[in-house]
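*Asks:* This structure is in structure tokens; I'll ask about it shortly.
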Amino acid sequence: MSKGLCDLINTVDKYVVDDPNNPGEYNSEHLLSIAFPKKDCDSDDQKLTSSFIALLTLLNDNKNENLEGDKLVEYAILWLSYKLNQKKENRTIIFNEFYTKDIEKNSCYNQKITDNSDNKINKDVIKNKIKSMDIDIKDISNFYDAFKSLCNMYNEIVADDD
């Protein structure tokens, strides 16, 4: 874990409103424009998918990050599962099904995330991680709370050291 990783997650969180009382509320225009000049996201699923792809792109481009690609993908999956869980209350969603339906067929995903094994984050890394986490997003999203707590503690420690 690093400050850079936690900062990227916190940045994405700022742009994707997570208020379950306001479904469909997003402030993701800036985030989406980072990775995607065309903003044609109409549904919650499209906005979350695009935000996930933007997060993967930012994590992959973060040259200071010394974590392996599978760990970065895992953190992005935790984030997306948490957001999906907030937006899809009372529905069972298996992450692999969401990936197959909404992410894998997304043209931005296929442009930004390639099969290039030189990249820390590539399609094989993502598919393998998703296969290993093929459970309900409600269960996956529980791990996100712990991850966010660790990020917050890490950032406090780093701030105290400065």
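Following the order of the structure tokens, chains are lettered A, B, ..., residues in each are numbered from 1, and ligands are numbered from 1.
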Hey, what's within 10 Å of Asp7 (chain A) if we count only C-alpha atoms and toss same-chain stuff fewer than 5 positions away? As a compact mmCIF listing (two decimals) with C-alpha atoms, in the first residue's frame, please?
*Replies:*
```txt
# COMPACT_ATOMS: atom_id res chain seq x y z
CA SER A 2 1.21 3.50 -0.73
CA VAL A 12 -12.10 8.51 -7.63
CA ASP A 13 -14.33 8.46 -4.54
CA CYS A 151 -5.71 3.91 3.58
CA ASN A 152 -6.91 6.50 6.07
CA ASN A 155 -2.32 8.70 5.11
```
*Asks:* Just checking: using only C-alpha atoms, which residue out of A:Lys47, A:Lys138, A:Lys129, A:Lys112 ends up closest to Ala76 (chain A)?
*Replies:*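 Of A:Lys47, A:Lys138, A:Lys129, A:Lys112, the one nearest Ala76 (chain A), counting only C-alpha atoms, is A:Lys129.
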*Asks:* From region 47-143 of chain A, collect each residue whose DSSP state is alpha helix (DSSP H) and return the set as a PyMOL selection string.
*Replies:* chain A and resi 47-61+69-87+95-98+107-112+123-132+137-143
*Asks:* So that I can check the surroundings of Glu68 (chain A), please list as a list in words every protein, DNA and RNA residue that reaches within 10 Å of it, counting only C-alpha atoms and ignoring chain neighbours fewer than 5 positions away.
*Replies:*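 With the cut-off at 10 Å, the set is Asn60, Val73, Lys120, Ile121 and Val125 of chain A.
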*Asks:* Kindly save the residues from that selection, with C-alpha atoms included, as a PDB file, in the first residue's frame.
*Replies:*
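Result file is selection.pdb:
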```pdb
ATOM      1  CA  ASN A  60      -1.619   1.377 -14.518  1.00  0.00           C
ATOM      2  CA  VAL A  73      -6.726  -4.771  -9.917  1.00  0.00           C
ATOM      3  CA  LYS A 120       1.094  -4.032 -14.887  1.00  0.00           C
ATOM      4  CA  ILE A 121      -2.644  -4.119 -15.498  1.00  0.00           C
ATOM      5  CA  VAL A 125      -4.502 -10.041 -14.850  1.00  0.00           C
TER       6      VAL A 125
END
```
*Asks:* What is the distance between CA of Ile77 (chain A) and CA of Ile94 (chain A), in Å to one decimal?
*Replies:*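 Between CA of Ile77 (chain A) and CA of Ile94 (chain A) the gap works out to 12.0 Å.
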*Asks:* Do you know which residues are at most 9 Å from Ile113 (chain A) counting only C-alpha atoms, after dropping those on the same chain fewer than 6 positions away, and could you put them as a PDB file with C-alpha atoms, in the first residue's frame?
*Replies:*
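This is the output file selection_4.pdb:
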```pdb
ATOM      1  CA  ILE A  53     -11.851   1.763 -16.290  1.00  0.00           C
ATOM      2  CA  LEU A  56      -7.559   0.988 -13.738  1.00  0.00           C
ATOM      3  CA  THR A  57      -5.997   3.348 -16.288  1.00  0.00           C
ATOM      4  CA  ASN A 119       1.556  -3.410 -18.610  1.00  0.00           C
ATOM      5  CA  ILE A 121      -2.644  -4.119 -15.498  1.00  0.00           C
ATOM      6  CA  ASN A 122      -3.805  -6.072 -18.534  1.00  0.00           C
ATOM      7  CA  LYS A 123      -6.822  -8.172 -19.463  1.00  0.00           C
TER       8      LYS A 123
END
```
*Asks:* Leaving out region 95-106 of chain A and any residue of its chain fewer than 4 positions from it, which residues lie within 10 Å of it when counting only C-alpha atoms, given as a PyMOL selection string?
*Replies:* chain A and resi 45-46+48-50+52-53+77+80-81+84+110-111+113+123+126-127+129-138+140
*Asks:* Which value, in Å to one decimal, gives the distance between CA of Asp160 (chain A) and CA of Asn142 (chain A)?
*Replies:*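 Separation between CA of Asp160 (chain A) and CA of Asn142 (chain A): 28.1 Å.
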*Asks:* A:Trp79, A:Asn128, A:Asp115, A:Ile93: which is nearest Cys6 (chain A), counting only C-alpha atoms?
*Replies:*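 When distances to Cys6 (chain A) are compared using only C-alpha atoms, the smallest one comes from A:Trp79.
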